[in-house]
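**Student:** Encoded as structure tokens, here's the structure I'll be asking about.
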Amino acid sequence: MAVKQRRPRWVWILLAGLGLVSFDVFLASATCGFALVRQEVQDPPGFDGVRPTNFLMIGNPGTGKSTVLNGLIQKPYFKSGMSFGGGMTYEFDRAEIGKHTFLDTPGLSDPTRRKQAAEAITEALKQNGYYKIFFVITLQNGRVRSEDVTTMKLVLDASPSNKYGVIINQLNSREYEALHDPEGEARKSVLTALLGTMPVDKLSPYIHLVQHDDDLAGVDNMAKPLPDDLRDFILKTCPGIDIAEVEVADIKASEYEALTSQMEEMLADSEKLKDALRSREAELKDLTEELKAANGNDPDQGFAFLSMAALLTLLLL
């Protein structure tokens, strides 16, 4: 795979002088280390009424975050597809489409680029403004992966945000059906793993399931429109938060290995996870009430409400 080279400073000066990019974009690209993959005047299709937002996708290699972004804007602006070794993204890529900004960041699980990836995610969080943040994860044999929850925790520790969504991507049909069973062990296990490992002040009930799409298998840089339920989850259901640059700390890449080992031990011990949830009873009940209000007490509105209610019933009451 050819490695994408950042444009030299003189190229940005020339483009800015010709008026092909704004001087502000030139300054940001030349000094902040992001790759501006696209700049357009019009909003993407279907974004009517959406406030100006920084849409930030975070995920380890192979989770499909770039494909989700391409499907959201319906253009193949972010590199996606098969990559042997590390991920396709190694710096943070930025597309400015209308009044919205779309940010694609590298994952932390690649040890050869971990420090660079941590710096890229930190920089993506420092763009100022209203954010919608999504962690894109996958399951391994039906279980939450330690590298995914480690990435989530390190990013959340550095960010002021307690508003974010989790997209569980590329589920096979069996996993997808099992996780939709409100009384099933699969749902209980996945939710316990996600909510039991996150910082107590950074819990989020906004979790969405996405089934594997055969049309995307082995295809590079595809922009297939998202399913309506996923699109609504990103644009409508999941809340956002205003973030200022000064509120963001550096992501501690040096803690990744030790934290991953800790997460592996915790994920392997169901009783330890249950104890962690029991210690968060008040926070989980508050989130349940928030979801009830948001969903109009309709349990059919989504995975998050049903799973949270099930956890409270099974583990806490």
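Numbering starts fresh at 1 for the residues of each chain in the structure tokens, the chains themselves are lettered A, B, ... in the order given, and ligands are numbered from 1 as they appear.
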Counting only C-alpha atoms, give me one row per residue of range 171-244 of chain A with an atom at most 8 Å from an atom of range 277-280 of chain A, showing the shortest contact pair and its distance in Å to one decimal, sorted by chain then residue number, as a tab-separated table.

**Tutor:**
```
residue	atom	partner	partner_atom	distance
A:Thr192	CA	A:Leu277	CA	7.2
A:Leu195	CA	A:Leu277	CA	7.0
A:Gly196	CA	A:Leu277	CA	5.3
A:Val200	CA	A:Arg280	CA	6.7
```

**Student:** Go ahead and save the picked residues with N, CA and C atoms, as a compact mmCIF listing (two decimals), in the first residue's frame.

**Tutor:**
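Result file follows (result_12.txt):
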```txt
# COMPACT_ATOMS: atom_id res chain seq x y z
N THR A 192 -22.28 -5.38 29.98
CA THR A 192 -21.50 -5.43 31.22
C THR A 192 -20.05 -5.08 30.93
N LEU A 195 -19.86 -1.14 29.97
CA LEU A 195 -20.17 -0.20 31.05
C LEU A 195 -19.35 -0.46 32.30
N GLY A 196 -18.84 -1.67 32.43
CA GLY A 196 -18.04 -1.99 33.61
C GLY A 196 -16.59 -1.55 33.51
N VAL A 200 -16.31 6.00 35.67
CA VAL A 200 -17.66 6.10 36.23
C VAL A 200 -18.35 7.39 35.81
```

**Student:** Each residue of range 185-297 of chain A with at least one atom at most 12 Å from range 120-124 of chain A should appear once, together with its nearest atom pair and the corresponding distance in Å (one decimal); atoms considered: only C-alpha atoms; ordering: chain, then increasing residue number; output as a tab-separated table.

**Tutor:**
```
residue	atom	partner	partner_atom	distance
A:Ile243	CA	A:Ala124	CA	10.9
A:Ala244	CA	A:Ala124	CA	11.4
A:Glu245	CA	A:Glu123	CA	8.7
A:Val246	CA	A:Thr122	CA	11.4
A:Glu247	CA	A:Thr122	CA	10.9
A:Val248	CA	A:Thr122	CA	7.3
A:Ala249	CA	A:Thr122	CA	7.3
A:Asp250	CA	A:Thr122	CA	5.9
A:Ile251	CA	A:Thr122	CA	6.1
A:Lys252	CA	A:Thr122	CA	9.7
A:Ala253	CA	A:Thr122	CA	10.7
```

**Student:** May I have the selected residues written with C-alpha atoms, as a PDB file, in the first residue's frame?

**Tutor:**
```
ATOM      1  CA  ILE A 243     -15.385  21.017  23.464  1.00  0.00           C
ATOM      2  CA  ALA A 244     -12.732  23.728  23.719  1.00  0.00           C
ATOM      3  CA  GLU A 245      -9.096  23.025  22.935  1.00  0.00           C
ATOM      4  CA  VAL A 246      -7.996  23.980  26.454  1.00  0.00           C
ATOM      5  CA  GLU A 247     -10.196  21.228  27.927  1.00  0.00           C
ATOM      6  CA  VAL A 248      -8.352  18.437  26.111  1.00  0.00           C
ATOM      7  CA  ALA A 249      -5.354  16.660  27.633  1.00  0.00           C
ATOM      8  CA  ASP A 250      -2.788  14.588  25.773  1.00  0.00           C
ATOM      9  CA  ILE A 251      -3.758  10.953  25.268  1.00  0.00           C
ATOM     10  CA  LYS A 252      -1.311   8.794  27.232  1.00  0.00           C
ATOM     11  CA  ALA A 253      -0.127   6.290  24.654  1.00  0.00           C
TER      12      ALA A 253
END
```

**Student:** With distances taken over only C-alpha atoms, which residue among A:Ser204, A:Ser189, A:Thr197, A:Asn54 lies nearest Val149 in chain A?

**Tutor:**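 The answer is A:Thr197, which sits nearest to Val149 in chain A.
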
**Student:** From the set A:Glu283, A:Asp269, A:Glu290, A:Glu40, which residue has the shortest atom-to-atom contact distance to Cys238 in chain A, counting only C-alpha atoms?

**Tutor:**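 Under the stated criterion, the closest residue is A:Glu290.
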
**Student:** When distances are computed from only C-alpha atoms, which of A:Met57, A:Leu273, A:Leu139, A:Val144 shows the smallest separation from Ile234 in chain A?

**Tutor:** A:Met57

**Student:** So that I can check the surroundings of Lys132 in chain A, please list as a ChimeraX atom specification every protein, DNA and RNA residue that reaches within 10 Å of it, counting only C-alpha atoms and ignoring chain neighbours fewer than 2 positions away.

**Tutor:** /A:53-57,102,130,134,161,163-165,234-235,238-242

**Student:** So which residues touch Asp148 in chain A within 7 Å, counting only C-alpha atoms, skipping near sequence neighbours fewer than 3 positions away, as a list in words?

**Tutor:**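 Result of the neighbour search: Asn60, Ile137, Arg145, Thr151 and Met152 of chain A.
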
**Student:** Give me a file of those residues, with all heavy atoms, as a compact mmCIF listing (two decimals), in the first residue's frame.

**Tutor:**
```txt
# COMPACT_ATOMS: atom_id res chain seq x y z
N ASN A 60 -10.04 1.26 16.22
CA ASN A 60 -8.81 0.56 15.86
C ASN A 60 -8.89 0.02 14.43
O ASN A 60 -9.98 -0.04 13.84
CB ASN A 60 -8.55 -0.56 16.86
CG ASN A 60 -8.07 -0.01 18.20
OD1 ASN A 60 -7.16 0.82 18.25
ND2 ASN A 60 -8.68 -0.46 19.29
N ILE A 137 -16.37 -0.11 17.24
CA ILE A 137 -15.70 -1.31 17.75
C ILE A 137 -16.27 -2.54 17.04
O ILE A 137 -17.30 -2.47 16.38
CB ILE A 137 -15.86 -1.45 19.28
CG1 ILE A 137 -17.32 -1.79 19.64
CG2 ILE A 137 -15.43 -0.17 20.00
CD1 ILE A 137 -17.51 -2.15 21.11
N ARG A 145 -13.54 -6.61 22.71
CA ARG A 145 -12.08 -6.74 22.64
C ARG A 145 -11.41 -5.77 23.60
O ARG A 145 -11.80 -4.60 23.72
CB ARG A 145 -11.60 -6.47 21.22
CG ARG A 145 -12.24 -7.36 20.16
CD ARG A 145 -11.58 -7.18 18.81
NE ARG A 145 -11.54 -5.78 18.39
CZ ARG A 145 -10.80 -5.33 17.39
NH1 ARG A 145 -10.02 -6.16 16.72
NH2 ARG A 145 -10.83 -4.05 17.05
N THR A 151 -8.69 1.69 24.16
CA THR A 151 -8.72 2.91 23.36
C THR A 151 -9.79 3.87 23.86
O THR A 151 -9.55 5.08 24.02
CB THR A 151 -8.97 2.57 21.88
OG1 THR A 151 -7.86 1.82 21.37
CG2 THR A 151 -9.15 3.83 21.04
N MET A 152 -10.97 3.35 24.13
CA MET A 152 -12.06 4.20 24.62
C MET A 152 -11.67 4.88 25.93
O MET A 152 -11.86 6.09 26.10
CB MET A 152 -13.33 3.36 24.82
CG MET A 152 -13.98 2.91 23.53
SD MET A 152 -15.38 1.78 23.80
CE MET A 152 -16.50 2.87 24.71
```

**Student:** What's the 7 Å shell around range 208-215 of chain A, counting only C-alpha atoms, without same-chain residues fewer than 5 positions away, as a list of chain:residue names?

**Tutor:**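 The residues satisfying every condition are A:Val166, A:Ile167, A:Ile168, A:Asn169, A:Gln170, A:Leu171, A:Asn172, A:Ser173, A:Tyr176, A:Phe303.
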
**Student:** Applying 12 Å and only C-alpha atoms, which residues near Ala186 in chain A remain after dropping the ones on its own chain fewer than 5 positions away? List them as a ChimeraX atom specification.

**Tutor:** /A:139,141-144,174-181,191-193,307,310-311

**Student:** Would you mind exporting the chosen residues as a PDB file, in the first residue's frame, restricted to N, CA and C atoms?

**Tutor:**
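Result written to selection_3.pdb:
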```pdb
ATOM      1  N   LEU A 139     -16.681  -7.048  17.702  1.00  0.00           N
ATOM      2  CA  LEU A 139     -16.584  -8.138  18.668  1.00  0.00           C
ATOM      3  C   LEU A 139     -15.664  -9.226  18.127  1.00  0.00           C
ATOM      4  N   ASN A 141     -15.447 -13.224  18.450  1.00  0.00           N
ATOM      5  CA  ASN A 141     -16.173 -14.400  18.940  1.00  0.00           C
ATOM      6  C   ASN A 141     -17.261 -13.998  19.939  1.00  0.00           C
ATOM      7  N   GLY A 142     -17.945 -12.905  19.626  1.00  0.00           N
ATOM      8  CA  GLY A 142     -19.053 -12.466  20.459  1.00  0.00           C
ATOM      9  C   GLY A 142     -18.663 -11.692  21.698  1.00  0.00           C
ATOM     10  N   ARG A 143     -17.373 -11.400  21.862  1.00  0.00           N
ATOM     11  CA  ARG A 143     -16.908 -10.722  23.074  1.00  0.00           C
ATOM     12  C   ARG A 143     -16.275  -9.374  22.737  1.00  0.00           C
ATOM     13  N   VAL A 144     -16.413  -8.430  23.667  1.00  0.00           N
ATOM     14  CA  VAL A 144     -15.778  -7.124  23.519  1.00  0.00           C
ATOM     15  C   VAL A 144     -14.265  -7.290  23.582  1.00  0.00           C
ATOM     16  N   ARG A 174     -25.805 -14.075  13.504  1.00  0.00           N
ATOM     17  CA  ARG A 174     -26.060 -14.726  14.791  1.00  0.00           C
ATOM     18  C   ARG A 174     -25.825 -13.756  15.950  1.00  0.00           C
ATOM     19  N   GLU A 175     -24.718 -13.004  15.886  1.00  0.00           N
ATOM     20  CA  GLU A 175     -24.434 -12.014  16.929  1.00  0.00           C
ATOM     21  C   GLU A 175     -25.513 -10.935  16.957  1.00  0.00           C
ATOM     22  N   TYR A 176     -25.896 -10.487  15.775  1.00  0.00           N
ATOM     23  CA  TYR A 176     -26.880  -9.409  15.666  1.00  0.00           C
ATOM     24  C   TYR A 176     -28.209  -9.820  16.297  1.00  0.00           C
ATOM     25  N   GLU A 177     -28.656 -11.018  15.996  1.00  0.00           N
ATOM     26  CA  GLU A 177     -29.917 -11.501  16.560  1.00  0.00           C
ATOM     27  C   GLU A 177     -29.806 -11.707  18.067  1.00  0.00           C
ATOM     28  N   ALA A 178     -28.682 -12.263  18.516  1.00  0.00           N
ATOM     29  CA  ALA A 178     -28.505 -12.519  19.948  1.00  0.00           C
ATOM     30  C   ALA A 178     -28.490 -11.223  20.751  1.00  0.00           C
ATOM     31  N   LEU A 179     -27.865 -10.190  20.215  1.00  0.00           N
ATOM     32  CA  LEU A 179     -27.775  -8.920  20.938  1.00  0.00           C
ATOM     33  C   LEU A 179     -29.094  -8.160  20.943  1.00  0.00           C
ATOM     34  N   HIS A 180     -30.004  -8.517  20.065  1.00  0.00           N
ATOM     35  CA  HIS A 180     -31.314  -7.879  20.069  1.00  0.00           C
ATOM     36  C   HIS A 180     -32.296  -8.561  21.017  1.00  0.00           C
ATOM     37  N   ASP A 181     -31.879  -9.639  21.649  1.00  0.00           N
ATOM     38  CA  ASP A 181     -32.726 -10.308  22.634  1.00  0.00           C
ATOM     39  C   ASP A 181     -32.554  -9.596  23.972  1.00  0.00           C
ATOM     40  N   LEU A 191     -22.925  -5.527  27.283  1.00  0.00           N
ATOM     41  CA  LEU A 191     -23.170  -4.285  28.020  1.00  0.00           C
ATOM     42  C   LEU A 191     -22.395  -4.238  29.324  1.00  0.00           C
ATOM     43  N   THR A 192     -22.282  -5.382  29.982  1.00  0.00           N
ATOM     44  CA  THR A 192     -21.501  -5.430  31.217  1.00  0.00           C
ATOM     45  C   THR A 192     -20.046  -5.081  30.930  1.00  0.00           C
ATOM     46  N   ALA A 193     -19.515  -5.607  29.825  1.00  0.00           N
ATOM     47  CA  ALA A 193     -18.123  -5.334  29.463  1.00  0.00           C
ATOM     48  C   ALA A 193     -17.906  -3.859  29.142  1.00  0.00           C
ATOM     49  N   SER A 307     -31.313  -2.531  26.842  1.00  0.00           N
ATOM     50  CA  SER A 307     -30.180  -3.172  27.489  1.00  0.00           C
ATOM     51  C   SER A 307     -29.911  -2.563  28.857  1.00  0.00           C
ATOM     52  N   ALA A 310     -32.478  -3.849  31.230  1.00  0.00           N
ATOM     53  CA  ALA A 310     -32.189  -5.249  31.540  1.00  0.00           C
ATOM     54  C   ALA A 310     -31.045  -5.365  32.541  1.00  0.00           C
ATOM     55  N   LEU A 311     -30.017  -4.539  32.375  1.00  0.00           N
ATOM     56  CA  LEU A 311     -28.894  -4.585  33.313  1.00  0.00           C
ATOM     57  C   LEU A 311     -29.328  -4.212  34.721  1.00  0.00           C
TER      58      LEU A 311
END
```

**Student:** How many Å separate CA of Phe92 in chain A from CA of Asp43 in chain A?

**Tutor:**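 Separating CA of Phe92 in chain A from CA of Asp43 in chain A is a distance of 20.9 Å.
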